[in-house]
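Enquirer: File model_33.pdb follows (PDB, C-alpha atoms):
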MODEL        1
ATOM      1  CA  MET A 470     -15.714   8.978  42.261
ATOM      2  CA  SER A 471     -18.805   6.783  42.497
ATOM      3  CA  MET A 472     -20.699   9.193  40.221
ATOM      4  CA  THR A 473     -17.869   9.492  37.688
ATOM      5  CA  LYS A 474     -17.562   5.784  36.936
ATOM      6  CA  PRO A 475     -21.254   5.238  35.986
ATOM      7  CA  ARG A 476     -21.137   8.327  33.750
ATOM      8  CA  ALA A 477     -17.984   7.071  32.045
ATOM      9  CA  SER A 478     -19.524   3.629  31.587
ATOM     10  CA  ALA A 479     -22.678   5.150  30.136
ATOM     11  CA  GLY A 480     -20.615   7.246  27.719
ATOM     12  CA  THR A 481     -18.649   4.211  26.577
ATOM     13  CA  LEU A 482     -21.854   2.223  26.086
ATOM     14  CA  GLY A 483     -23.321   5.088  24.076
ATOM     15  CA  ASN A 484     -20.284   5.152  21.807
ATOM     16  CA  TRP A 485     -20.627   1.437  21.137
ATOM     17  CA  LEU A 486     -24.347   1.798  20.414
ATOM     18  CA  ILE A 487     -23.546   4.408  17.770
ATOM     19  CA  LEU A 488     -21.324   1.845  16.018
ATOM     20  CA  VAL A 489     -23.983  -0.885  15.965
ATOM     21  CA  PRO A 490     -25.575   0.079  12.593
ATOM     22  CA  ALA A 491     -22.187   0.299  10.852
ATOM     23  CA  LEU A 492     -20.984  -2.961  12.384
ATOM     24  CA  ALA A 493     -24.216  -4.726  11.403
ATOM     25  CA  LEU A 494     -23.838  -3.487   7.827
ATOM     26  CA  LEU A 495     -20.242  -4.703   7.688
ATOM     27  CA  VAL A 496     -21.242  -8.112   9.020
ATOM     28  CA  VAL A 497     -23.988  -8.492   6.427
ATOM     29  CA  ILE A 498     -22.026  -7.154   3.447
ATOM     30  CA  LEU A 499     -18.539  -8.472   4.274
ATOM     31  CA  GLY A 500     -18.745 -10.998   7.075
ATOM     32  CA  VAL A 501     -21.402 -13.331   5.676
ATOM     33  CA  PRO A 502     -19.896 -13.620   2.159
ATOM     34  CA  LEU A 503     -16.441 -14.064   3.666
ATOM     35  CA  VAL A 504     -17.554 -16.914   5.918
ATOM     36  CA  GLU A 505     -19.409 -18.522   3.013
ATOM     37  CA  ASN A 506     -16.298 -18.221   0.856
ATOM     38  CA  VAL A 507     -14.132 -19.902   3.513
ATOM     39  CA  VAL A 508     -16.630 -22.724   4.023
ATOM     40  CA  ARG A 509     -16.922 -23.290   0.274
ATOM     41  CA  SER A 510     -13.132 -23.484  -0.076
ATOM     42  CA  PHE A 511     -13.155 -26.765   1.869
ATOM     43  CA  GLY A 512     -15.385 -28.478  -0.678
ATOM     44  CA  LEU A 513     -19.017 -29.551  -0.733
ATOM     45  CA  PRO A 514     -20.970 -30.019   2.512
ATOM     46  CA  GLY A 515     -20.039 -33.315   4.113
ATOM     47  CA  GLN A 516     -16.934 -33.651   1.923
ATOM     48  CA  PHE A 517     -14.325 -31.757   3.923
ATOM     49  CA  SER A 518     -11.056 -31.568   1.989
ATOM     50  CA  LEU A 519      -7.872 -29.514   1.793
ATOM     51  CA  ASP A 520      -7.239 -30.384  -1.844
ATOM     52  CA  HIS A 521      -7.953 -26.888  -3.102
ATOM     53  CA  TYR A 522      -5.430 -25.416  -0.668
ATOM     54  CA  ALA A 523      -2.879 -28.045  -1.683
ATOM     55  CA  GLN A 524      -3.360 -27.120  -5.343
ATOM     56  CA  ILE A 525      -2.192 -23.583  -4.577
ATOM     57  CA  PHE A 526       1.287 -24.923  -3.803
ATOM     58  CA  THR A 527       1.372 -27.762  -6.337
ATOM     59  CA  GLU A 528       0.081 -26.197  -9.569
ATOM     60  CA  ARG A 529       2.933 -24.514 -11.412
ATOM     61  CA  THR A 530       0.677 -21.962 -13.118
ATOM     62  CA  THR A 531      -0.756 -20.761  -9.808
ATOM     63  CA  LEU A 532       2.717 -20.519  -8.261
ATOM     64  CA  ASN A 533       3.984 -18.503 -11.238
ATOM     65  CA  ILE A 534       1.050 -16.108 -11.018
ATOM     66  CA  MET A 535       1.507 -15.696  -7.268
ATOM     67  CA  PHE A 536       5.212 -15.016  -7.709
ATOM     68  CA  ARG A 537       4.484 -12.515 -10.497
ATOM     69  CA  THR A 538       1.942 -10.779  -8.269
ATOM     70  CA  LEU A 539       4.424 -10.622  -5.385
ATOM     71  CA  VAL A 540       7.121  -9.144  -7.610
ATOM     72  CA  ALA A 541       4.712  -6.589  -9.056
ATOM     73  CA  ALA A 542       3.533  -5.552  -5.571
ATOM     74  CA  VAL A 543       7.122  -5.176  -4.320
ATOM     75  CA  VAL A 544       8.199  -3.144  -7.364
ATOM     76  CA  VAL A 545       5.132  -0.879  -7.212
ATOM     77  CA  THR A 546       5.696  -0.317  -3.484
ATOM     78  CA  ALA A 547       9.348   0.568  -4.057
ATOM     79  CA  ILE A 548       8.541   2.970  -6.905
ATOM     80  CA  THR A 549       5.827   4.764  -4.935
ATOM     81  CA  LEU A 550       8.123   5.082  -1.907
ATOM     82  CA  VAL A 551      10.996   6.524  -3.953
ATOM     83  CA  LEU A 552       8.680   9.008  -5.678
ATOM     84  CA  GLY A 553       6.352   9.696  -2.767
ATOM     85  CA  TYR A 554       8.841  10.420   0.014
ATOM     86  CA  PRO A 555      10.473  13.490  -1.630
ATOM     87  CA  TYR A 556       7.070  14.745  -2.733
ATOM     88  CA  ALA A 557       5.609  14.415   0.771
ATOM     89  CA  TYR A 558       8.728  16.030   2.246
ATOM     90  CA  LEU A 559       8.401  18.977  -0.143
ATOM     91  CA  MET A 560       4.747  19.351   0.839
ATOM     92  CA  THR A 561       5.859  19.957   4.426
ATOM     93  CA  ARG A 562       8.403  22.595   3.389
ATOM     94  CA  VAL A 563       6.350  24.836   1.077
ATOM     95  CA  GLY A 564       3.827  27.487   2.032
ATOM     96  CA  PRO A 565       0.099  26.905   2.549
ATOM     97  CA  GLY A 566      -0.808  27.919  -1.025
ATOM     98  CA  ALA A 567       1.701  25.641  -2.720
ATOM     99  CA  ARG A 568       0.850  22.861  -0.258
ATOM    100  CA  GLY A 569      -2.800  23.120  -1.223
ATOM    101  CA  VAL A 570      -1.918  22.818  -4.909
ATOM    102  CA  MET A 571       0.334  19.803  -4.277
ATOM    103  CA  LEU A 572      -2.342  18.155  -2.153
ATOM    104  CA  THR A 573      -4.900  18.737  -4.903
ATOM    105  CA  VAL A 574      -2.588  17.040  -7.404
ATOM    106  CA  VAL A 575      -2.409  14.030  -5.077
ATOM    107  CA  LEU A 576      -6.184  13.885  -4.654
ATOM    108  CA  ILE A 577      -7.055  14.259  -8.356
ATOM    109  CA  PRO A 578      -6.761  10.474  -9.011
ATOM    110  CA  PHE A 579      -9.433   9.889  -6.341
ATOM    111  CA  TRP A 580     -11.758  12.228  -8.225
ATOM    112  CA  THR A 581     -11.168  10.510 -11.559
ATOM    113  CA  SER A 582     -12.896   7.348 -12.729
ATOM    114  CA  ALA A 583     -10.703   4.248 -12.525
ATOM    115  CA  LEU A 584     -11.754   3.229 -16.034
ATOM    116  CA  ALA A 585     -10.851   6.669 -17.387
ATOM    117  CA  ARG A 586      -7.382   6.473 -15.828
ATOM    118  CA  ASN A 587      -6.730   2.992 -17.175
ATOM    119  CA  PHE A 588      -7.973   3.775 -20.673
ATOM    120  CA  ALA A 589      -5.690   6.818 -20.615
ATOM    121  CA  TRP A 590      -2.774   4.476 -19.866
ATOM    122  CA  ILE A 591      -3.843   2.236 -22.762
ATOM    123  CA  ILE A 592      -3.632   5.241 -25.066
ATOM    124  CA  LEU A 593      -0.252   6.311 -23.661
ATOM    125  CA  LEU A 594       1.364   2.862 -23.739
ATOM    126  CA  GLY A 595      -0.031   1.523 -27.020
ATOM    127  CA  ASN A 596       1.527   1.301 -30.480
ATOM    128  CA  ASN A 597       2.619   4.697 -31.946
ATOM    129  CA  ALA A 598       1.612   6.219 -28.608
ATOM    130  CA  PRO A 599       3.432   9.058 -26.818
ATOM    131  CA  VAL A 600       5.510   6.663 -24.717
ATOM    132  CA  GLN A 601       6.727   4.790 -27.786
ATOM    133  CA  GLN A 602       7.503   8.063 -29.567
ATOM    134  CA  PHE A 603       9.473   9.169 -26.518
ATOM    135  CA  PHE A 604      11.673   6.069 -26.718
ATOM    136  CA  GLN A 605      12.033   6.487 -30.475
ATOM    137  CA  PHE A 606      13.420   9.990 -29.883
ATOM    138  CA  PHE A 607      16.279   8.395 -27.932
ATOM    139  CA  GLY A 608      16.900   5.725 -30.568
ATOM    140  CA  LEU A 609      14.846   2.930 -29.023
ATOM    141  CA  PRO A 610      12.209   1.971 -31.606
ATOM    142  CA  ASN A 611       9.412  -0.564 -31.203
ATOM    143  CA  VAL A 612       9.106  -0.114 -27.442
ATOM    144  CA  VAL A 613       5.484  -0.974 -26.625
ATOM    145  CA  LEU A 614       4.634  -1.308 -22.938
ATOM    146  CA  TYR A 615       0.946  -2.086 -23.409
ATOM    147  CA  GLY A 616       0.215  -5.697 -22.574
ATOM    148  CA  THR A 617       3.472  -6.180 -20.662
ATOM    149  CA  ALA A 618       4.341  -6.542 -16.969
ATOM    150  CA  THR A 619       6.380  -3.322 -17.169
ATOM    151  CA  GLY A 620       3.401  -1.371 -18.459
ATOM    152  CA  VAL A 621       1.183  -2.775 -15.707
ATOM    153  CA  THR A 622       3.787  -1.804 -13.098
ATOM    154  CA  VAL A 623       4.001   1.764 -14.412
ATOM    155  CA  ALA A 624       0.219   2.194 -14.450
ATOM    156  CA  MET A 625      -0.209   0.633 -11.011
ATOM    157  CA  SER A 626       2.494   2.897  -9.576
ATOM    158  CA  GLN A 627       0.610   5.971 -10.756
ATOM    159  CA  VAL A 628      -2.640   4.692  -9.262
ATOM    160  CA  MET A 629      -1.022   3.715  -5.951
ATOM    161  CA  LEU A 630       1.133   6.812  -5.497
ATOM    162  CA  PRO A 631      -1.487   8.801  -3.506
ATOM    163  CA  PHE A 632      -1.810   5.911  -1.038
ATOM    164  CA  MET A 633       1.887   6.335  -0.282
ATOM    165  CA  VAL A 634       2.024  10.130  -0.283
ATOM    166  CA  LEU A 635      -0.833  10.765   2.150
ATOM    167  CA  PRO A 636       0.491   8.632   5.068
ATOM    168  CA  LEU A 637       3.970  10.044   4.498
ATOM    169  CA  PHE A 638       2.659  13.611   4.483
ATOM    170  CA  ALA A 639       0.828  13.044   7.765
ATOM    171  CA  SER A 640       3.940  11.531   9.351
ATOM    172  CA  LEU A 641       6.480  14.040   8.026
ATOM    173  CA  GLY A 642       4.281  17.008   8.868
ATOM    174  CA  ALA A 643       4.203  15.999  12.547
ATOM    175  CA  ILE A 644       8.007  15.987  12.951
ATOM    176  CA  ASP A 645       9.437  18.878  14.953
ATOM    177  CA  ARG A 646      12.038  20.552  12.727
ATOM    178  CA  ARG A 647      13.747  22.084  15.759
ATOM    179  CA  LEU A 648      15.335  18.690  16.344
ATOM    180  CA  LEU A 649      17.200  19.067  13.057
ATOM    181  CA  LEU A 650      18.257  22.595  13.986
ATOM    182  CA  ALA A 651      19.521  21.280  17.316
ATOM    183  CA  ALA A 652      21.541  18.588  15.573
ATOM    184  CA  ARG A 653      22.958  21.147  13.133
ATOM    185  CA  GLY A 654      23.824  23.411  16.040
ATOM    186  CA  LEU A 655      25.780  20.561  17.629
ATOM    187  CA  GLY A 656      27.864  20.186  14.490
ATOM    188  CA  SER A 657      26.024  17.511  12.517
ATOM    189  CA  SER A 658      25.969  17.648   8.737
ATOM    190  CA  PRO A 659      22.564  17.903   6.959
ATOM    191  CA  ILE A 660      22.775  14.319   5.655
ATOM    192  CA  VAL A 661      23.683  12.838   9.041
ATOM    193  CA  ALA A 662      21.012  14.950  10.783
ATOM    194  CA  PHE A 663      18.431  13.648   8.340
ATOM    195  CA  TRP A 664      19.522  10.019   8.734
ATOM    196  CA  LYS A 665      19.877  10.095  12.528
ATOM    197  CA  ILE A 666      16.900  12.315  13.406
ATOM    198  CA  PHE A 667      14.399  12.816  10.593
ATOM    199  CA  TRP A 668      14.387   9.346   9.036
ATOM    200  CA  PRO A 669      13.695   7.394  12.282
ATOM    201  CA  LEU A 670      10.790   9.711  13.070
ATOM    202  CA  SER A 671       9.328   9.262   9.591
ATOM    203  CA  ARG A 672       9.530   5.476   9.484
ATOM    204  CA  THR A 673       6.069   5.092  11.009
ATOM    205  CA  GLY A 674       4.587   6.816   7.955
ATOM    206  CA  VAL A 675       6.887   4.805   5.696
ATOM    207  CA  VAL A 676       5.674   1.526   7.189
ATOM    208  CA  SER A 677       2.039   2.643   6.911
ATOM    209  CA  GLY A 678       2.467   3.619   3.262
ATOM    210  CA  ILE A 679       4.340   0.433   2.398
ATOM    211  CA  ILE A 680       1.781  -1.907   3.922
ATOM    212  CA  LEU A 681      -1.116   0.037   2.379
ATOM    213  CA  VAL A 682       0.329   0.052  -1.137
ATOM    214  CA  PHE A 683       1.603  -3.515  -0.931
ATOM    215  CA  THR A 684      -1.668  -5.032   0.272
ATOM    216  CA  LEU A 685      -3.709  -3.090  -2.305
ATOM    217  CA  SER A 686      -1.315  -4.168  -5.058
ATOM    218  CA  LEU A 687      -1.709  -7.829  -4.124
ATOM    219  CA  GLY A 688      -5.406  -7.739  -4.994
ATOM    220  CA  PHE A 689      -5.399  -5.153  -7.793
ATOM    221  CA  TYR A 690      -7.641  -6.169 -10.680
ATOM    222  CA  VAL A 691      -8.713  -3.350 -13.005
ATOM    223  CA  THR A 692      -5.311  -2.086 -14.147
ATOM    224  CA  PRO A 693      -3.715  -5.523 -14.808
ATOM    225  CA  ALA A 694      -6.879  -6.643 -16.615
ATOM    226  CA  LEU A 695      -7.013  -3.617 -18.931
ATOM    227  CA  VAL A 696      -3.359  -2.657 -19.354
ATOM    228  CA  GLY A 697      -1.832  -6.141 -19.077
ATOM    229  CA  SER A 698      -2.394  -9.380 -20.956
ATOM    230  CA  PRO A 699      -3.637 -12.902 -20.078
ATOM    231  CA  GLN A 700      -0.050 -14.144 -20.360
ATOM    232  CA  GLN A 701       0.982 -11.672 -17.636
ATOM    233  CA  SER A 702      -2.058 -12.070 -15.373
ATOM    234  CA  LEU A 703      -1.971 -11.528 -11.631
ATOM    235  CA  VAL A 704      -3.802 -13.221  -8.761
ATOM    236  CA  ALA A 705      -6.933 -11.071  -9.052
ATOM    237  CA  GLN A 706      -7.271 -12.006 -12.732
ATOM    238  CA  LEU A 707      -6.832 -15.676 -11.873
ATOM    239  CA  LEU A 708      -9.615 -15.406  -9.307
ATOM    240  CA  GLY A 709     -11.861 -13.750 -11.854
ATOM    241  CA  GLN A 710     -11.151 -16.480 -14.391
ATOM    242  CA  GLU A 711     -11.889 -19.265 -11.895
ATOM    243  CA  THR A 712     -15.216 -17.740 -10.857
ATOM    244  CA  THR A 713     -16.566 -16.453 -14.199
ATOM    245  CA  GLN A 714     -15.137 -18.919 -16.736
ATOM    246  CA  LEU A 715     -14.140 -22.145 -14.962
ATOM    247  CA  LEU A 716     -16.850 -21.854 -12.271
ATOM    248  CA  ASP A 717     -14.364 -23.294  -9.776
ATOM    249  CA  PHE A 718     -15.758 -21.501  -6.745
ATOM    250  CA  ALA A 719     -14.046 -23.815  -4.274
ATOM    251  CA  GLY A 720     -10.619 -23.270  -5.831
ATOM    252  CA  ALA A 721     -11.190 -19.516  -6.039
ATOM    253  CA  GLY A 722     -12.338 -19.518  -2.412
ATOM    254  CA  ALA A 723      -9.193 -21.323  -1.287
ATOM    255  CA  LEU A 724      -6.932 -18.946  -3.210
ATOM    256  CA  GLY A 725      -8.845 -15.889  -1.972
ATOM    257  CA  THR A 726      -8.730 -17.132   1.610
ATOM    258  CA  PHE A 727      -4.986 -17.729   1.358
ATOM    259  CA  ILE A 728      -4.394 -14.200   0.022
ATOM    260  CA  LEU A 729      -6.594 -12.795   2.797
ATOM    261  CA  VAL A 730      -4.631 -14.632   5.488
ATOM    262  CA  VAL A 731      -1.334 -13.419   4.027
ATOM    263  CA  THR A 732      -2.650  -9.844   3.905
ATOM    264  CA  LEU A 733      -3.896  -9.952   7.508
ATOM    265  CA  ALA A 734      -0.555 -11.370   8.641
ATOM    266  CA  LEU A 735       1.235  -8.504   6.898
ATOM    267  CA  VAL A 736      -1.059  -5.955   8.550
ATOM    268  CA  VAL A 737      -0.470  -7.447  12.012
ATOM    269  CA  TRP A 738       3.274  -7.514  11.407
ATOM    270  CA  ALA A 739       3.209  -3.919  10.183
ATOM    271  CA  ASN A 740       1.293  -2.769  13.259
ATOM    272  CA  ARG A 741       3.854  -4.380  15.543
ATOM    273  CA  LEU A 742       6.714  -3.006  13.478
ATOM    274  CA  GLY A 743       5.089   0.411  13.514
ATOM    275  CA  GLY A 744       4.988   0.316  17.314
ATOM    276  CA  SER A 745       8.656  -0.601  17.556
ATOM    277  CA  VAL A 746       9.537   2.026  14.954
ATOM    278  CA  SER A 747       7.691   4.661  16.980
ATOM    279  CA  ALA A 748       9.734   3.684  20.031
ATOM    280  CA  ILE A 749      12.952   3.901  18.027
ATOM    281  CA  GLY A 750      11.939   7.316  16.720
ATOM    282  CA  ALA A 751      11.143   8.546  20.224
ATOM    283  CA  VAL A 752      14.559   7.457  21.461
ATOM    284  CA  SER A 753      16.264   9.083  18.479
ATOM    285  CA  ALA A 754      14.314  12.291  19.015
ATOM    286  CA  ALA A 755      15.227  12.476  22.683
ATOM    287  CA  PRO A 756      17.930  14.978  23.664
ATOM    288  CA  GLY A 757      20.451  12.183  24.026
ATOM    289  CA  GLY A 758      19.505  10.811  20.607
ATOM    290  CA  ALA A 759      19.937  14.170  18.923
ATOM    291  CA  ALA A 760      23.226  14.722  20.656
ATOM    292  CA  SER A 761      24.521  11.289  19.671
ATOM    293  CA  GLY A 762      23.532  11.963  16.059
ATOM    294  CA  ALA A 763      25.383  15.224  16.119
ATOM    295  CA  ARG A 764      28.445  13.598  17.654
ATOM    296  CA  ALA A 765      28.348  10.959  14.953
ATOM    297  CA  GLY A 766      28.245  13.740  12.366
ATOM    298  CA  ARG A 767      31.269  15.428  13.908
ATOM    299  CA  GLY A 768      33.092  12.126  14.107
ATOM    300  CA  ARG A 769      32.632  11.594  10.409
TER     301      ARG A 769
ENDMDL
END
Can you dump the structure from the file as structure tokens?

Expert:
Amino acid sequence: MSMTKPRASAGTLGNWLILVPALALLVVILGVPLVENVVRSFGLPGQFSLDHYAQIFTERTTLNIMFRTLVAAVVVTAITLVLGYPYAYLMTRVGPGARGVMLTVVLIPFWTSALARNFAWIILLGNNAPVQQFFQFFGLPNVVLYGTATGVTVAMSQVMLPFMVLPLFASLGAIDRRLLLAARGLGSSPIVAFWKIFWPLSRTGVVSGIILVFTLSLGFYVTPALVGSPQQSLVAQLLGQETTQLLDFAGAGALGTFILVVTLALVVWANRLGGSVSAIGAVSAAPGGAASGARAGRGR
């Protein structure tokens, strides 16, 4: 025992030493600018003030942009969840060959330039573009989504969809399908077996995908800037305008710090919720949980 503890301690110390270069790089590239941004948000040296933080909640334009960004993030998250869950579920049901093709389709956006994707959406959503011709075929002329919040939402949903599919695929692929067979054997219907057994076990992946897509959507810049319009700008565009045009670095620092705090709070909440969801899924997957789900199915 006395020899095991020093070896374990030495191994742990070695693991931490391996992380030192990466941690130092993160501190230099991310930590220092972040601290400087927070300090600058309180005003000039020797002139500590919370005015820039107060302006976030008092300026009507900033509040409108923040609300528009929140709505866009919620809508994009909902769309990617509705589209991504069946796709990820199908990936777990097909054979290895088809799964490889479906996974490649998901990964293609990561291999494509962001500018190329967004310019493709400009072509699709513009005037006399394929999307407008599609609506004209159904008797809806003059439907142009380019430069609108709807067009930005559609383009962002396509960009964010892989970030929802991959966590869902990892979560759904780890579920033991014998639990569903056990529930069916006890008399449960397929819908009730899915809701009582499969869905609770998959909610960890759902929470991971939701928080990932939502937080990325809050700070998305390229797609709203290219596909949207200044009248429908989001928070990232407002930050860019304050730093490049108005040169209001203190105001931009306050707004960026506020968004960062909100994002970190969401991540912490999601981690705690993910832990509780895992516990709920474990209880539901237990023999008693499967049996109760089956009994509920027979009762209905």

Enquirer: Could you name the residues that touch Leu708 in chain A at 10 Å or less, counting only C-alpha atoms, but leaving out those on the same chain fewer than 6 positions away, as number ranges by chain?

Expert: A: 688, 690, 714-715, 717-718, 720-725

Enquirer: Taking the file as shown, find all residues satisfying the PyMOL selection byres ((chain A and resi 596) around 9) and write them as a PyMOL selection string.

Expert: chain A and resi 592-595+597-601+611-615

Enquirer: Taking 2 positions as the minimum chain separation for residues in the same chain, which residues sit within 6 Å of Gly697 in chain A when counting all atoms listed in the file? Answer as a ChimeraX atom specification.

Expert: /A:616-617,621,693-695

Enquirer: Those selected residues, please, written with C-alpha atoms and delivered as a compact mmCIF listing (two decimals), keeping the file's coordinate frame.

Expert:
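Output file result09.txt follows:
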# COMPACT_ATOMS: atom_id res chain seq x y z
CA GLY A 616 0.22 -5.70 -22.57
CA THR A 617 3.47 -6.18 -20.66
CA VAL A 621 1.18 -2.78 -15.71
CA PRO A 693 -3.72 -5.52 -14.81
CA ALA A 694 -6.88 -6.64 -16.61
CA LEU A 695 -7.01 -3.62 -18.93

Enquirer: List as a list of chain:residue names the protein and nucleic acid residues near range 728-736 of chain A, meaning an atom at most 10 Å away when only C-alpha atoms are counted, but skip any in the same chain fewer than 3 places from it.

Expert: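 What passes the distance filter is A:Leu503, A:Met535, A:Ser677, A:Ile680, A:Leu681, A:Phe683, A:Thr684, A:Leu685, A:Leu687, A:Gly688, A:Val704, A:Ala705, A:Gly722, A:Ala723, A:Leu724, A:Gly725, A:Ala739, A:Asn740, A:Arg741, A:Leu742.
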
Enquirer: Keeping only C-alpha atoms, take the residues you just selected and write them out as a CSV table (one decimal), in the coordinates of the input.

Expert:
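That gives us again.csv:
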chain,number,residue,atom,x,y,z
A,503,LEU,CA,-16.4,-14.1,3.7
A,535,MET,CA,1.5,-15.7,-7.3
A,677,SER,CA,2.0,2.6,6.9
A,680,ILE,CA,1.8,-1.9,3.9
A,681,LEU,CA,-1.1,0.0,2.4
A,683,PHE,CA,1.6,-3.5,-0.9
A,684,THR,CA,-1.7,-5.0,0.3
A,685,LEU,CA,-3.7,-3.1,-2.3
A,687,LEU,CA,-1.7,-7.8,-4.1
A,688,GLY,CA,-5.4,-7.7,-5.0
A,704,VAL,CA,-3.8,-13.2,-8.8
A,705,ALA,CA,-6.9,-11.1,-9.1
A,722,GLY,CA,-12.3,-19.5,-2.4
A,723,ALA,CA,-9.2,-21.3,-1.3
A,724,LEU,CA,-6.9,-18.9,-3.2
A,725,GLY,CA,-8.8,-15.9,-2.0
A,739,ALA,CA,3.2,-3.9,10.2
A,740,ASN,CA,1.3,-2.8,13.3
A,741,ARG,CA,3.9,-4.4,15.5
A,742,LEU,CA,6.7,-3.0,13.5

Enquirer: For this file, the PyMOL selection byres ((chain A and resi 581-587) around 9) selects which residues, as number ranges by chain?

Expert: A: 577-580, 588-592, 624, 628, 691-692, 695-696

Enquirer: I would like the residues chosen by the PyMOL selection byres ((chain A and resi 639-651) around 9) on the shown file; could you give them as number ranges by chain?

Expert: A: 557-558, 560-562, 634-638, 652-657, 659, 662-663, 666-667, 670-675, 754-756, 759-760, 763

Enquirer: What separation in Å, quoted to one decimal, exists between CA of Ala542 in chain A and CA of Phe526 in chain A?

Expert: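 Result for CA of Ala542 in chain A versus CA of Phe526 in chain A: 19.6 Å, one decimal.
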
Enquirer: To one decimal place in Å, what is the distance between CA of Gly709 in chain A and CA of Phe689 in chain A?

Expert: 11.5 Å

Enquirer: What's the separation between CA of Leu703 in chain A and CA of Phe632 in chain A, in Å to one decimal place?

Expert: 20.4 Å

Enquirer: Restricting the calculation to only C-alpha atoms: of A:Asn506, A:Ser626, A:Ser686, A:Thr573, which residue gets closest to Leu539 in chain A?

Expert: A:Ser686

Enquirer: Between A:Val661, A:Ala547, A:Val508, A:Leu495, which residue has the minimum interatomic distance to Val682 in chain A, considering all atoms listed in the file?

Expert: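 The closest residue to Val682 in chain A is A:Ala547.
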
Enquirer: First collect every listed atom of range 679-683 of chain A; then fit an axis-aligned box around them, widen it by 5 Å on each side, and give centre and edge lengths in Å to one decimal, as JSON.

Expert:
{"center_x": 1.6, "center_y": -1.5, "center_z": 1.4, "size_x": 15.5, "size_y": 13.9, "size_z": 15.1}

Enquirer: From the list A:Leu486, A:Ala719, A:Met571, A:Val737, which residue is nearest Asp520 in chain A when using all atoms listed in the file?

Expert: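 That would be A:Ala719, the residue with the smallest distance to Asp520 in chain A.
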
Enquirer: Under the rule that all atoms listed in the file are counted, which of A:Glu505, A:Ile660, A:Ser518, A:Tyr556 is the nearest residue to Arg568 in chain A?

Expert: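 Distance minimum relative to Arg568 in chain A lands on A:Tyr556.
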
Enquirer: Fix up range 612-625 of chain A with N, CA and C atoms, then write it as a compact mmCIF listing (two decimals), keeping the file's coordinate frame.

Expert:
# COMPACT_ATOMS: atom_id res chain seq x y z
N VAL A 612 9.29 0.11 -28.87
CA VAL A 612 9.11 -0.11 -27.44
C VAL A 612 7.62 0.08 -27.12
N VAL A 613 6.91 -1.00 -26.94
CA VAL A 613 5.48 -0.97 -26.62
C VAL A 613 5.30 -1.60 -25.24
N LEU A 614 4.81 -0.83 -24.31
CA LEU A 614 4.63 -1.31 -22.94
C LEU A 614 3.23 -1.85 -22.69
N TYR A 615 2.31 -1.59 -23.60
CA TYR A 615 0.95 -2.09 -23.41
C TYR A 615 0.92 -3.61 -23.53
N GLY A 616 0.29 -4.25 -22.57
CA GLY A 616 0.22 -5.70 -22.57
C GLY A 616 1.42 -6.38 -21.96
N THR A 617 2.29 -5.62 -21.28
CA THR A 617 3.47 -6.18 -20.66
C THR A 617 3.44 -5.95 -19.15
N ALA A 618 4.26 -6.71 -18.42
CA ALA A 618 4.34 -6.54 -16.97
C ALA A 618 4.90 -5.17 -16.61
N THR A 619 5.82 -4.65 -17.43
CA THR A 619 6.38 -3.32 -17.17
C THR A 619 5.31 -2.24 -17.29
N GLY A 620 4.47 -2.34 -18.30
CA GLY A 620 3.40 -1.37 -18.46
C GLY A 620 2.41 -1.42 -17.31
N VAL A 621 2.08 -2.63 -16.85
CA VAL A 621 1.18 -2.78 -15.71
C VAL A 621 1.81 -2.16 -14.46
N THR A 622 3.10 -2.36 -14.27
CA THR A 622 3.79 -1.80 -13.10
C THR A 622 3.77 -0.29 -13.12
N VAL A 623 4.01 0.30 -14.29
CA VAL A 623 4.00 1.76 -14.41
C VAL A 623 2.62 2.32 -14.10
N ALA A 624 1.58 1.71 -14.68
CA ALA A 624 0.22 2.19 -14.45
C ALA A 624 -0.20 2.01 -12.99
N MET A 625 0.13 0.86 -12.41
CA MET A 625 -0.21 0.63 -11.01
C MET A 625 0.52 1.60 -10.09
